[in-house]
Amino acid sequence: IESYNFGVYEPTEHDISEAVRTYPLFRKLDKSLRQSLLVPLQRLNAAARRHSDVDRAIDLGIALEALLLSDREAKDSLALPFRLRGAYLLGGNDVNRRIEIERLFNCIYDLRSKAVHTGSISQFSKLAGEQRPTSDILNDGLRMCSSIIFEILELGRRPNWSRLILGGGA
């Protein structure tokens with residue numbers, strides 16, 4: 001059975017300054033948005049502490065879906081908006097960066113699906129034509145998930161996905 005006990009984490013000065021900067025942003029959000037961020041925050045935290053890549057992929061996938069797809073109906077196709085929303089939100093105007101992020105999110109979506117449907121994933125995964133350790137890909141996904149949360153905090157709301165993807169900004 002997997003344990004979450006990793007010992008005591010000593011926050012760095014950077015960690016403390018980020019907490020001091022972001023907590024007031026979180027408190028300023030309206031109550032319903034704060035409530036809707038609890039699942040992604042809890043799942044991101046769980047994913048970061050998991051030993052098993054299968055469990056990390058599932059928790060990370062849930063966190064990202066809760067951030068990127070909260071307005072989608074269950075019957076809608078999810079994979080394309082999952083990738084595009086993440087890429088446009090985090091990639092800015094840099095097309096190459098958006099392509100890189102879109103590929104990462106595609107890989108994470110596939111890993112989450114395999115983990116949920118088969119209970120296993122490979123130690124190595126193909127990303128942009130290159131075999132990489134799956135754990136490294138998941139770590140990149142954890143950083144992206146954190147970045148999305150910070151974007152929402154700084155915006156003070158969820159992005160307007162249509163405006164963002166059509167070039168009007170978040």
# chains A, B, ... in the order shown; residues from 1 in each chain; ligands from 1
call {"tool": "select_by_dssp", "arguments": {"residues": "region 84-159 of chain A", "states": "strand (DSSP E or B)", "output": "list in words"}}
result
Phe124, Ser125, Lys126, Leu127, Glu130, Gln131, Arg132 and Pro133 of chain A
call {"tool": "closest_atom_pairs", "arguments": {"of": "region 17-74 of chain A", "to": "region 147-153 of chain A", "cutoff": "9 Å", "atoms": "only C-alpha atoms", "output": "Markdown table"}}
result
| residue | atom | partner | partner_atom | distance |
| --- | --- | --- | --- | --- |
| A:Thr22 | CA | A:Leu153 | CA | 7.3 |
| A:Leu25 | CA | A:Leu153 | CA | 5.7 |
| A:Phe26 | CA | A:Leu153 | CA | 6.0 |
| A:Lys28 | CA | A:Leu153 | CA | 8.8 |
| A:Leu29 | CA | A:Leu153 | CA | 7.5 |
| A:Leu37 | CA | A:Ile149 | CA | 8.0 |
| A:Pro40 | CA | A:Ile149 | CA | 8.3 |
| A:Leu41 | CA | A:Ile149 | CA | 8.1 |
| A:Leu64 | CA | A:Ile148 | CA | 8.5 |
| A:Leu67 | CA | A:Ile148 | CA | 7.5 |
| A:Leu68 | CA | A:Ile148 | CA | 8.6 |
call {"tool": "atom_distance", "arguments": {"atom1": "CA of Arg85 (chain A)", "atom2": "CA of Leu44 (chain A)"}}
result
18.0 Å
call {"tool": "closest_atom_pairs", "arguments": {"of": "region 124-155 of chain A", "to": "region 110-113 of chain A", "cutoff": "10 Å", "atoms": "only C-alpha atoms", "output": "CSV"}}
result
residue,atom,partner,partner_atom,distance
A:Ser125,CA,A:Leu111,CA,8.4
A:Thr134,CA,A:Leu111,CA,8.6
A:Ile137,CA,A:Leu111,CA,9.6
A:Leu138,CA,A:Leu111,CA,8.9
call {"tool": "atom_distance", "arguments": {"atom1": "CA of Gly156 (chain A)", "atom2": "CA of Asn93 (chain A)"}}
result
21.1 Å
call {"tool": "residues_around", "arguments": {"residues": "region 54-62 of chain A", "least_positions_apart": "6", "cutoff": "8 Å", "atoms": "only C-alpha atoms", "output": "list in words"}}
result
Pro40, Arg43, Leu44, Ala46, Ala47, Ala48, Ile108, Tyr109, Leu111, Arg112, Ser113, Ala115, Val116, Gly119, Ser120, Ile121, Leu138, Gly141, Leu142 and Cys145 of chain A
call {"tool": "closest_residue", "arguments": {"among": "A:Asp53, A:Leu33, A:Pro11, A:Ala19", "to": "Arg157 (chain A)", "atoms": "only C-alpha atoms"}}
result
A:Leu33
call {"tool": "select_by_dssp", "arguments": {"residues": "region 61-103 of chain A", "states": "helix (DSSP H, G or I)", "output": "ChimeraX atom specification"}}
result
/A:61-68,79-91,95-103
call {"tool": "atom_distance", "arguments": {"atom1": "CA of Phe82 (chain A)", "atom2": "CA of Ile101 (chain A)"}}
result
10.9 Å
call {"tool": "residues_around", "arguments": {"residues": "Ile99 (chain A)", "least_positions_apart": "6", "cutoff": "10 Å", "atoms": "only C-alpha atoms", "output": "compact mmCIF listing (two decimals) with C-alpha atoms, in the first residue's frame"}}
result
# COMPACT_ATOMS: atom_id res chain seq x y z
CA ARG A 83 -4.56 19.86 -25.07
CA LEU A 84 -5.44 23.16 -26.73
CA ALA A 87 -1.22 25.04 -24.74
CA TYR A 88 -2.86 28.41 -25.36
CA GLY A 91 2.25 28.97 -24.31
CA PHE A 105 -0.74 17.45 -22.53
CA ALA A 128 7.54 14.45 -29.53
call {"tool": "closest_residue", "arguments": {"among": "A:Asn96, A:Ser135, A:Arg158, A:Gly167", "to": "Arg50 (chain A)", "atoms": "only C-alpha atoms"}}
result
A:Ser135
call {"tool": "closest_residue", "arguments": {"among": "A:Val95, A:Arg163, A:Ala79, A:Leu89", "to": "Met144 (chain A)", "atoms": "only C-alpha atoms"}}
result
A:Leu89
call {"tool": "closest_residue", "arguments": {"among": "A:Glu13, A:Glu18, A:Asp71, A:Glu65", "to": "Pro159 (chain A)", "atoms": "only C-alpha atoms"}}
result
A:Asp71
call {"tool": "closest_residue", "arguments": {"among": "A:Leu155, A:Cys107, A:Ile165, A:Leu38", "to": "Arg132 (chain A)", "atoms": "only C-alpha atoms"}}
result
A:Cys107
